[in-house]
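Chemist: My structure is in structure.cif, and what it holds is mmCIF, C-alpha atoms and all ligand atoms:
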```cif
data_entry
loop_
_atom_site.label_atom_id
_atom_site.label_comp_id
_atom_site.auth_asym_id
_atom_site.auth_seq_id
_atom_site.Cartn_x
_atom_site.Cartn_y
_atom_site.Cartn_z
CA GLU A 1 -8.88 -2.91 26.21
CA HIS A 2 -5.66 -4.91 25.92
CA LEU A 3 -7.64 -7.98 24.94
CA ILE A 4 -9.76 -6.00 22.46
CA ASN A 5 -6.58 -4.83 20.73
CA GLN A 6 -5.33 -8.37 20.41
CA ILE A 7 -8.66 -9.63 19.07
CA LYS A 8 -8.87 -6.73 16.61
CA ALA A 9 -5.29 -7.36 15.54
CA GLY A 10 -5.99 -11.04 15.01
CA GLU A 11 -8.91 -10.10 12.77
CA VAL A 12 -7.22 -7.53 10.64
CA VAL A 13 -3.53 -8.37 10.73
CA GLU A 14 -3.04 -11.64 8.96
CA ARG A 15 0.50 -11.20 7.76
CA PRO A 16 3.40 -8.73 7.60
CA TYR A 17 1.87 -7.19 4.47
CA ASN A 18 -1.09 -5.84 6.47
CA VAL A 19 1.28 -4.07 8.87
CA VAL A 20 3.34 -2.56 6.07
CA LYS A 21 0.17 -1.34 4.36
CA GLU A 22 -1.13 0.45 7.46
CA LEU A 23 2.23 2.03 8.26
CA VAL A 24 2.92 3.16 4.71
CA GLU A 25 -0.56 4.67 4.44
CA ASN A 26 0.04 6.53 7.70
CA ALA A 27 3.31 7.91 6.36
CA VAL A 28 1.63 9.02 3.14
CA ASP A 29 -1.19 10.61 5.16
CA ALA A 30 1.52 12.42 7.17
CA LYS A 31 2.68 14.08 3.92
CA ALA A 32 6.06 12.37 3.86
CA SER A 33 8.14 12.98 0.73
CA GLN A 34 10.64 10.25 1.60
CA LEU A 35 9.89 6.77 2.80
CA HIS A 36 12.25 3.99 3.72
CA ILE A 37 10.79 0.54 4.26
CA GLU A 38 13.13 -2.04 5.75
CA LEU A 39 12.35 -5.71 6.28
CA LEU A 40 14.16 -8.67 7.70
CA ASP A 41 12.96 -12.10 6.67
CA GLY A 42 9.94 -10.92 4.67
CA GLY A 43 8.85 -8.75 7.62
CA LYS A 44 8.50 -11.72 9.94
CA GLN A 45 11.52 -10.68 11.99
CA LEU A 46 11.50 -6.93 11.47
CA ILE A 47 9.53 -4.18 9.75
CA ARG A 48 10.82 -0.62 10.02
CA ILE A 49 9.28 2.36 8.27
CA THR A 50 11.03 5.72 8.38
CA ASP A 51 9.29 8.82 7.05
CA ASN A 52 10.01 12.54 6.93
CA GLY A 53 6.37 13.53 7.40
CA ILE A 54 4.75 15.93 9.86
CA GLY A 55 5.52 13.75 12.87
CA ILE A 56 3.57 13.41 16.11
CA ALA A 57 3.96 15.82 19.02
CA SER A 58 5.55 14.19 22.07
CA SER A 59 2.48 15.06 24.13
CA GLN A 60 0.32 13.12 21.61
CA LEU A 61 2.56 10.15 20.94
CA PHE A 62 1.18 7.80 23.55
CA THR A 63 -2.37 8.88 22.70
CA ALA A 64 -1.78 7.85 19.07
CA LEU A 65 -1.28 4.32 20.37
CA GLU A 66 -4.68 4.14 22.01
CA ARG A 67 -7.79 2.85 20.33
CA HIS A 68 -9.74 5.31 18.20
CA ALA A 69 -7.00 7.88 18.56
CA THR A 70 -7.32 8.86 14.94
CA SER A 71 -6.55 12.46 14.05
CA LYS A 72 -8.31 11.98 10.74
CA ILE A 73 -12.03 11.74 11.41
CA ASN A 74 -13.87 14.98 11.93
CA LYS A 75 -17.14 14.51 10.15
CA PHE A 76 -19.40 11.67 9.16
CA GLU A 77 -18.34 11.92 5.49
CA ASP A 78 -14.76 11.43 6.62
CA LEU A 79 -15.83 8.24 8.29
CA GLU A 80 -17.38 7.02 5.08
CA LYS A 81 -14.30 7.88 3.07
CA LEU A 82 -11.98 6.29 5.58
CA ALA A 83 -14.02 3.10 5.55
CA SER A 84 -12.17 2.06 2.43
CA PHE A 85 -8.86 2.21 4.25
CA GLY A 86 -9.66 -0.41 6.84
CA PHE A 87 -8.73 0.51 10.38
CA ARG A 88 -10.05 3.72 11.87
CA GLY A 89 -7.63 4.84 14.52
CA GLU A 90 -6.97 1.24 15.41
CA ALA A 91 -3.99 0.24 13.36
CA LEU A 92 -1.23 1.30 15.72
CA PRO A 93 -2.74 -0.11 18.95
CA SER A 94 -3.73 -3.35 17.20
CA ILE A 95 -0.30 -3.87 15.70
CA ALA A 96 1.45 -2.88 18.94
CA SER A 97 -0.44 -5.62 20.79
CA ILE A 98 1.12 -8.45 18.77
CA CYS A 99 4.84 -7.60 18.61
CA HIS A 100 7.71 -5.65 20.12
CA PHE A 101 6.75 -2.20 18.94
CA THR A 102 8.78 1.01 18.90
CA ILE A 103 7.69 4.40 17.66
CA LYS A 104 9.87 7.50 17.47
CA SER A 105 8.63 10.80 16.24
CA ARG A 106 9.51 14.45 15.99
CA PRO A 107 7.47 17.24 14.43
CA ALA A 108 9.35 20.25 13.04
CA SER A 109 8.06 22.38 15.93
CA GLN A 110 10.10 20.39 18.49
CA GLU A 111 13.84 20.36 19.17
CA VAL A 112 13.82 16.74 20.24
CA GLY A 113 11.69 13.73 19.53
CA LYS A 114 10.19 11.04 21.70
CA GLU A 115 10.47 7.28 21.62
CA ILE A 116 7.98 4.83 23.13
CA HIS A 117 8.47 1.12 23.35
CA ILE A 118 5.48 -1.20 23.62
CA GLN A 119 5.75 -4.87 24.45
CA TYR A 120 2.65 -6.86 23.42
CA GLY A 121 0.41 -3.85 23.97
CA LYS A 122 1.95 -2.63 27.25
CA LYS A 123 4.23 0.37 27.45
CA SER A 124 7.66 -0.75 28.62
CA SER A 125 9.69 2.44 28.27
CA GLU A 126 9.77 5.95 26.89
CA LYS A 127 12.44 8.60 26.47
CA ASP A 128 13.31 11.82 24.66
CA LEU A 129 15.88 11.58 21.89
CA SER A 130 17.37 13.65 19.10
CA MET A 131 16.28 12.62 15.63
CA PRO A 132 15.41 14.14 12.24
CA CYS A 133 11.82 15.36 11.72
CA GLY A 134 9.38 12.58 10.95
CA THR A 135 8.42 9.21 12.30
CA VAL A 136 10.01 5.79 12.63
CA VAL A 137 7.85 2.77 13.44
CA GLN A 138 9.53 -0.53 14.12
CA ILE A 139 7.88 -3.93 14.52
CA LYS A 140 9.95 -6.83 15.78
CA ASP A 141 8.85 -10.44 16.05
CA LEU A 142 5.34 -9.95 14.72
CA PHE A 143 2.85 -12.52 16.09
CA SER A 144 5.35 -13.86 18.62
CA ASN A 145 2.48 -13.88 21.14
CA VAL A 146 -0.12 -15.20 18.64
CA PRO A 147 0.87 -18.84 18.03
CA VAL A 148 -1.92 -19.53 15.50
CA ARG A 149 -0.83 -16.68 13.27
CA LEU A 150 2.81 -17.60 13.62
CA LYS A 151 2.07 -21.17 12.65
CA PHE A 152 0.30 -20.18 9.44
CA LEU A 153 2.80 -17.57 8.24
CA LYS A 154 4.04 -18.28 4.74
CA SER A 155 7.62 -18.43 3.54
CA THR A 156 9.85 -15.38 3.53
CA ALA A 157 9.63 -15.31 -0.27
CA THR A 158 5.82 -15.26 -0.24
CA GLU A 159 5.61 -12.50 2.37
CA PHE A 160 8.29 -10.54 0.51
CA THR A 161 6.35 -10.75 -2.77
CA HIS A 162 3.12 -9.45 -1.23
CA ILE A 163 4.93 -6.48 0.26
CA HIS A 164 7.04 -5.85 -2.83
CA ASP A 165 3.96 -5.73 -5.09
CA PHE A 166 2.12 -3.43 -2.70
CA LEU A 167 5.08 -1.04 -2.40
CA THR A 168 5.48 -0.96 -6.17
CA ALA A 169 1.80 -0.03 -6.47
CA MET A 170 2.18 2.68 -3.81
CA ALA A 171 5.19 4.04 -5.69
CA PHE A 172 3.07 4.28 -8.84
CA ALA A 173 0.22 5.94 -7.02
CA ASN A 174 2.51 8.50 -5.34
CA PRO A 175 5.13 9.57 -7.89
CA HIS A 176 6.13 12.65 -5.87
CA ILE A 177 7.30 10.47 -2.95
CA SER A 178 10.66 8.73 -2.95
CA PHE A 179 10.41 5.06 -1.99
CA ARG A 180 13.37 3.10 -0.77
CA PHE A 181 12.78 -0.56 -0.03
CA SER A 182 15.39 -2.77 1.63
CA HIS A 183 15.24 -6.44 2.42
CA ASN A 184 17.78 -8.19 4.66
CA GLY A 185 20.08 -5.18 4.46
CA ARG A 186 20.05 -4.79 0.68
CA ASP A 187 18.18 -2.25 -1.42
CA VAL A 188 15.45 -3.87 -3.51
CA PHE A 189 14.53 -0.56 -5.12
CA PHE A 190 15.04 3.14 -4.60
CA TYR A 191 12.61 5.19 -6.64
CA HIS A 192 13.40 8.87 -6.45
CA ALA A 193 10.70 11.52 -6.33
CA LYS A 194 9.28 12.22 -9.78
CA LYS A 195 7.18 15.02 -11.24
CA ASN A 196 4.36 12.84 -12.53
CA LEU A 197 3.02 9.36 -13.06
CA ASN A 198 4.47 9.20 -16.56
CA GLU A 199 8.02 9.60 -15.29
CA ARG A 200 7.44 7.11 -12.49
CA PHE A 201 6.05 4.54 -14.92
CA ILE A 202 9.15 4.86 -17.09
CA GLU A 203 11.40 4.64 -14.01
CA ILE A 204 9.76 1.51 -12.62
CA VAL A 205 8.96 -0.40 -15.76
CA GLY A 206 12.08 0.67 -17.62
CA LEU A 207 10.39 1.36 -20.96
CA ASP A 208 11.13 4.22 -23.31
CA SER A 209 8.32 6.47 -24.48
CA LYS A 210 7.86 4.55 -27.77
CA GLU A 211 7.19 1.30 -25.95
CA TYR A 212 3.98 2.20 -24.17
CA THR A 213 0.78 4.08 -24.71
CA GLU A 214 -1.65 5.97 -22.54
CA VAL A 215 -4.97 4.35 -21.80
CA ASN A 216 -7.99 6.60 -21.52
CA TYR A 217 -11.45 5.26 -22.10
CA SER A 218 -14.79 5.83 -20.47
CA ARG A 219 -18.32 4.71 -20.88
CA GLY A 220 -21.02 6.04 -18.57
CA THR A 221 -19.68 5.96 -15.02
CA PHE A 222 -16.93 3.51 -15.99
CA LYS A 223 -13.48 4.90 -16.64
CA ILE A 224 -10.12 3.33 -17.30
CA THR A 225 -6.84 5.29 -17.45
CA GLY A 226 -3.16 4.47 -17.15
CA PHE A 227 -0.36 3.08 -19.29
CA ALA A 228 -0.10 -0.08 -21.34
CA GLY A 229 3.06 -1.51 -22.83
CA LEU A 230 3.02 -1.96 -26.60
CA PRO A 231 3.73 -5.35 -28.19
CA SER A 232 7.37 -4.27 -28.64
CA ALA A 233 7.71 -4.17 -24.84
CA ALA A 234 6.25 -7.63 -24.28
CA LYS A 235 8.28 -10.23 -22.44
CA THR A 236 7.91 -13.85 -21.44
CA THR A 237 8.42 -13.12 -17.75
CA PRO A 238 5.24 -12.18 -15.91
CA SER A 239 5.83 -8.44 -15.89
CA TYR A 240 3.94 -5.73 -14.12
CA PHE A 241 0.18 -5.59 -14.16
CA ILE A 242 -0.55 -3.07 -11.46
CA THR A 243 -4.23 -2.35 -11.04
CA PHE A 244 -6.24 0.06 -8.96
CA VAL A 245 -10.00 0.19 -8.59
CA ASN A 246 -11.48 3.43 -7.27
CA GLY A 247 -8.09 4.47 -5.98
CA ARG A 248 -7.46 1.22 -4.18
CA TYR A 249 -4.66 -1.15 -5.13
CA VAL A 250 -6.15 -4.52 -5.99
CA LYS A 251 -5.02 -7.78 -7.48
CA ASP A 252 -8.27 -8.53 -9.13
CA LYS A 253 -8.88 -11.49 -11.44
CA ILE A 254 -11.52 -9.65 -13.45
CA VAL A 255 -9.45 -6.57 -14.20
CA ARG A 256 -6.50 -8.83 -14.99
CA SER A 257 -8.54 -10.96 -17.37
CA GLY A 258 -9.84 -7.78 -19.00
CA ILE A 259 -6.28 -6.59 -19.64
CA LEU A 260 -5.26 -9.96 -21.09
CA GLN A 261 -8.39 -10.04 -23.24
CA GLY A 262 -7.60 -6.52 -24.49
CA TYR A 263 -4.17 -7.66 -25.65
CA GLN A 264 -5.60 -10.74 -27.35
CA GLY A 265 -4.45 -11.00 -30.95
CA LEU A 266 -1.97 -8.15 -30.43
CA LEU A 267 0.77 -10.03 -28.62
CA THR A 268 2.71 -13.10 -29.64
CA LYS A 269 1.34 -16.05 -27.68
CA GLY A 270 3.02 -16.47 -24.32
CA LEU A 271 4.23 -12.89 -24.11
CA ILE A 272 2.87 -10.32 -21.70
CA SER A 273 3.24 -6.56 -21.59
CA PRO A 274 3.48 -4.33 -18.50
CA ALA A 275 0.46 -2.22 -17.67
CA LEU A 276 -0.53 0.24 -14.97
CA ILE A 277 -4.28 0.55 -14.89
CA PHE A 278 -6.63 2.75 -12.89
CA THR A 279 -10.27 1.76 -13.11
CA GLU A 280 -13.09 3.90 -11.79
CA VAL A 281 -16.46 2.23 -11.40
CA ASP A 282 -19.72 3.26 -9.86
CA PRO A 283 -19.33 2.34 -6.14
CA SER A 284 -22.62 0.44 -6.35
CA TRP A 285 -20.99 -2.02 -8.79
CA VAL A 286 -18.58 -3.23 -6.13
CA ASP A 287 -19.35 -5.33 -3.08
CA VAL A 288 -18.32 -2.99 -0.27
CA ASN A 289 -18.27 -5.84 2.23
CA ALA A 290 -15.21 -7.31 0.63
CA HIS A 291 -12.58 -6.88 3.33
CA PRO A 292 -10.76 -3.53 3.20
CA SER A 293 -7.38 -5.01 4.09
CA LYS A 294 -7.60 -7.55 1.29
CA THR A 295 -6.44 -6.88 -2.24
CA GLU A 296 -9.35 -8.67 -3.90
CA ILE A 297 -12.69 -7.03 -4.54
CA ARG A 298 -15.99 -8.35 -5.85
CA PHE A 299 -17.84 -6.86 -8.82
CA TYR A 300 -21.55 -7.57 -9.15
CA ASP A 301 -21.36 -7.69 -12.93
CA ALA A 302 -17.90 -9.09 -13.46
CA SER A 303 -18.27 -9.85 -17.16
CA SER A 304 -19.23 -6.27 -18.03
CA ILE A 305 -16.22 -4.93 -16.11
CA GLN A 306 -13.93 -7.39 -17.85
CA GLU A 307 -15.36 -6.38 -21.22
CA LEU A 308 -14.98 -2.63 -20.56
CA VAL A 309 -11.40 -3.04 -19.36
CA SER A 310 -10.54 -5.06 -22.46
CA ILE A 311 -12.06 -2.42 -24.77
CA GLY A 312 -10.05 0.32 -23.03
CA ILE A 313 -6.80 -1.61 -23.44
CA GLN A 314 -7.52 -2.75 -26.98
CA ASN A 315 -8.43 0.76 -28.19
CA ALA A 316 -5.25 2.25 -26.78
CA VAL A 317 -2.87 -0.46 -27.95
CA LYS A 318 -4.41 -0.88 -31.43
CA GLU A 319 -4.36 2.84 -32.10
CA SER A 320 -0.62 3.06 -31.34
CA VAL A 321 0.31 -0.04 -33.28
CA HIS A 322 -1.31 1.06 -36.53
P1 LIG B 401 -5.62 6.22 11.55
O1 LIG B 401 -4.55 6.16 10.49
O2 LIG B 401 -6.84 5.48 11.15
O3 LIG B 401 -5.89 7.60 12.05
P2 LIG B 401 -3.65 4.82 13.15
O4 LIG B 401 -3.76 3.92 14.35
O5 LIG B 401 -3.04 4.24 11.93
O6 LIG B 401 -5.09 5.39 12.84
O7 LIG B 401 -2.82 6.09 13.59
C1 LIG B 401 -3.26 6.85 14.69
C2 LIG B 401 -2.81 8.29 14.57
O8 LIG B 401 -1.40 8.38 14.74
C3 LIG B 401 -3.07 8.93 13.21
O9 LIG B 401 -4.36 9.48 13.13
C4 LIG B 401 -1.99 10.00 13.12
O10 LIG B 401 -2.41 11.17 13.78
C5 LIG B 401 -0.86 9.40 13.92
N1 LIG B 401 0.16 8.79 13.05
C6 LIG B 401 0.31 7.47 12.78
N2 LIG B 401 1.37 7.26 11.97
C7 LIG B 401 1.90 8.46 11.71
C8 LIG B 401 3.04 8.92 10.92
N3 LIG B 401 3.82 8.07 10.24
N4 LIG B 401 3.29 10.26 10.90
C9 LIG B 401 2.50 11.13 11.58
N5 LIG B 401 1.44 10.76 12.32
C10 LIG B 401 1.13 9.46 12.39
MG MG B 402 -3.65 4.47 9.81
#
```
Represent the structure of the file as structure tokens.
Ligand code: ADP
Ligand code: MG
Modeler:
Amino acid sequence: EHLINQIKAGEVVERPYNVVKELVENAVDAKASQLHIELLDGGKQLIRITDNGIGIASSQLFTALERHATSKINKFEDLEKLASFGFRGEALPSIASICHFTIKSRPASQEVGKEIHIQYGKKSSEKDLSMPCGTVVQIKDLFSNVPVRLKFLKSTATEFTHIHDFLTAMAFANPHISFRFSHNGRDVFFYHAKKNLNERFIEIVGLDSKEYTEVNYSRGTFKITGFAGLPSAAKTTPSYFITFVNGRYVKDKIVRSGILQGYQGLLTKGLISPALIFTEVDPSWVDVNAHPSKTEIRFYDASSIQELVSIGIQNAVKESVH
């Protein structure tokens, strides 16, 4: 079992980003309204996620660290739905097998919380402690027992960028949650809870309401919604293109090219405008075998998707310009 966890972890956890993704998704699943993500050295030294969600009962805390201990699968359809989120009850044990791992949690129904420390997959201590309601998961020295992974880790800046982009996307997708992100002891951003996506877009991108337009276009089972900056908001710096496909955050070449194509002829050459784009496509258009923990996906008919995205963007932007 110990070995299985390490093998599984080696497969699915490639870099600090994968850990942050699993932990943030757990916190969102736990209905947290406040999230604090702290990193040292791009997550290589330390990742700590503090949430104010429902917590885990002390009697269940160790169980949550065992394989297939998910509290989320009840029916077969759940299994199918969860498939898109990667691990199924395996994230915590896998991660705990490749670092110094600490989890603390307290549900509102308990006076005190519990803390468990795991060293490379083996429990090394546990104790009761007083803490606010919610959960804190801390990962120190990720991969320190997996030399191959350690060797191929990228620079702090690269790891930071992956995590930063993902957290920004999560903040867009969950406007009602406050996201605080700190790196090496400094706040990178602190997005407060907002009423809707519109307000969050303005908060993150820093545009006023005259500088962007809503995107809303569909054809058949294809649908594109979101916000696109108008030419007046364009900058030379590569600004935000945040894209989701079927609810999943992706950094997809095709969607990106579609956005750029949509802006063609509308922006001064060399300038780029921020956009937040949600694309819904028929699930049969996407290769489901593309790895769930990756941010790339594969479309069977890439050129049609690119074309449809570009039409959606172009329609919205043109209409507001004229
Ligand atoms: P999964 O998310 O697929 O269920 P995980 O290994 O990520 O599997 O988590 C195992 C279980 O631990 C979850 O099903 C959930 O019950 C509990 N859990 C994990 N993280 C949190 C959290 N931040 N708040 C509350 N419960 C959590
Ligand atoms: Mg999980």
Chemist: How many Å separate atom CA of Ala57 of chain A from atom CA of Pro93 of chain A?
Modeler: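 Value for the atom CA of Ala57 of chain A-atom CA of Pro93 of chain A distance: 17.3 Å.
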Chemist: When you look at segment 209-222 of chain A with a cut-off of 9 Å (counting all atoms listed in the file), what residues show up, excluding the ones that are within fewer than 6 positions of it in the same chain? I need them as a compact mmCIF listing (two decimals) with C-alpha atoms, in the coordinates of the input.
Modeler:
```
# COMPACT_ATOMS: atom_id res chain seq x y z
CA ILE A 202 9.15 4.86 -17.09
CA ALA A 228 -0.10 -0.08 -21.34
CA GLY A 229 3.06 -1.51 -22.83
CA LEU A 230 3.02 -1.96 -26.60
CA PRO A 231 3.73 -5.35 -28.19
CA SER A 232 7.37 -4.27 -28.64
CA ALA A 233 7.71 -4.17 -24.84
CA PRO A 274 3.48 -4.33 -18.50
CA ALA A 275 0.46 -2.22 -17.67
CA ILE A 277 -4.28 0.55 -14.89
CA THR A 279 -10.27 1.76 -13.11
CA GLU A 280 -13.09 3.90 -11.79
CA VAL A 281 -16.46 2.23 -11.40
CA ASP A 282 -19.72 3.26 -9.86
CA ILE A 305 -16.22 -4.93 -16.11
CA LEU A 308 -14.98 -2.63 -20.56
CA VAL A 309 -11.40 -3.04 -19.36
CA ILE A 311 -12.06 -2.42 -24.77
CA GLY A 312 -10.05 0.32 -23.03
CA ILE A 313 -6.80 -1.61 -23.44
CA ASN A 315 -8.43 0.76 -28.19
CA ALA A 316 -5.25 2.25 -26.78
CA VAL A 317 -2.87 -0.46 -27.95
CA SER A 320 -0.62 3.06 -31.34
```
Chemist: Neighbouring residues of Asp187 of chain A were defined as those with any atom within 12 Å, considering all atoms listed in the file; residues of the same chain fewer than 2 positions away were excluded. Please report them as a list in words.
Modeler: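 Using all atoms listed in the file, the neighbours found are His36, Ile37, Glu38, Leu39, Leu40, His164, Phe179, Arg180, Phe181, Ser182, His183, Asn184, Gly185, Phe189, Phe190 and Tyr191 of chain A.
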Chemist: With only C-alpha atoms as the counted atoms, please give the residues lying no more than 9 Å from Phe166 of chain A, apart from itself and same-chain residues fewer than 6 positions off, as a short mmCIF file (atom, residue, chain, number, x, y, z; two decimals) with C-alpha atoms, in the coordinates of the input.
Modeler:
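Written file, around_11.cif:
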```
data_model
loop_
_atom_site.label_atom_id
_atom_site.label_comp_id
_atom_site.auth_asym_id
_atom_site.auth_seq_id
_atom_site.Cartn_x
_atom_site.Cartn_y
_atom_site.Cartn_z
CA TYR A 17 1.87 -7.19 4.47
CA VAL A 20 3.34 -2.56 6.07
CA LYS A 21 0.17 -1.34 4.36
CA TYR A 249 -4.66 -1.15 -5.13
CA VAL A 250 -6.15 -4.52 -5.99
#
```
Chemist: 6 Å from ligand MG 402 (chain B) is the threshold here; counting all atoms listed in the file, which polymer residues fall inside it? Answer as a list in words.
Modeler: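 Those within range of ligand MG 402 (chain B) are Glu22, Asn26 and Ala91 of chain A.
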Chemist: Within 7 Å of (8.7, 9.1, 19.0) in the file's own coordinates, which protein, DNA or RNA residues have an atom, counting only C-alpha atoms? List them as a list in words.
Modeler: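 Taken together, the residues in range are Ser58, Leu61, Ile103, Lys104, Ser105, Arg106, Gly113, Lys114, Glu115, Ile116 and Thr135 of chain A.
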Chemist: Separation of atom N5 of ligand LIG 401 (chain B) and atom CA of Gly134 of chain A, in Å?
Modeler: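 Taking atom N5 of ligand LIG 401 (chain B) and atom CA of Gly134 of chain A, their separation equals 8.3 Å.
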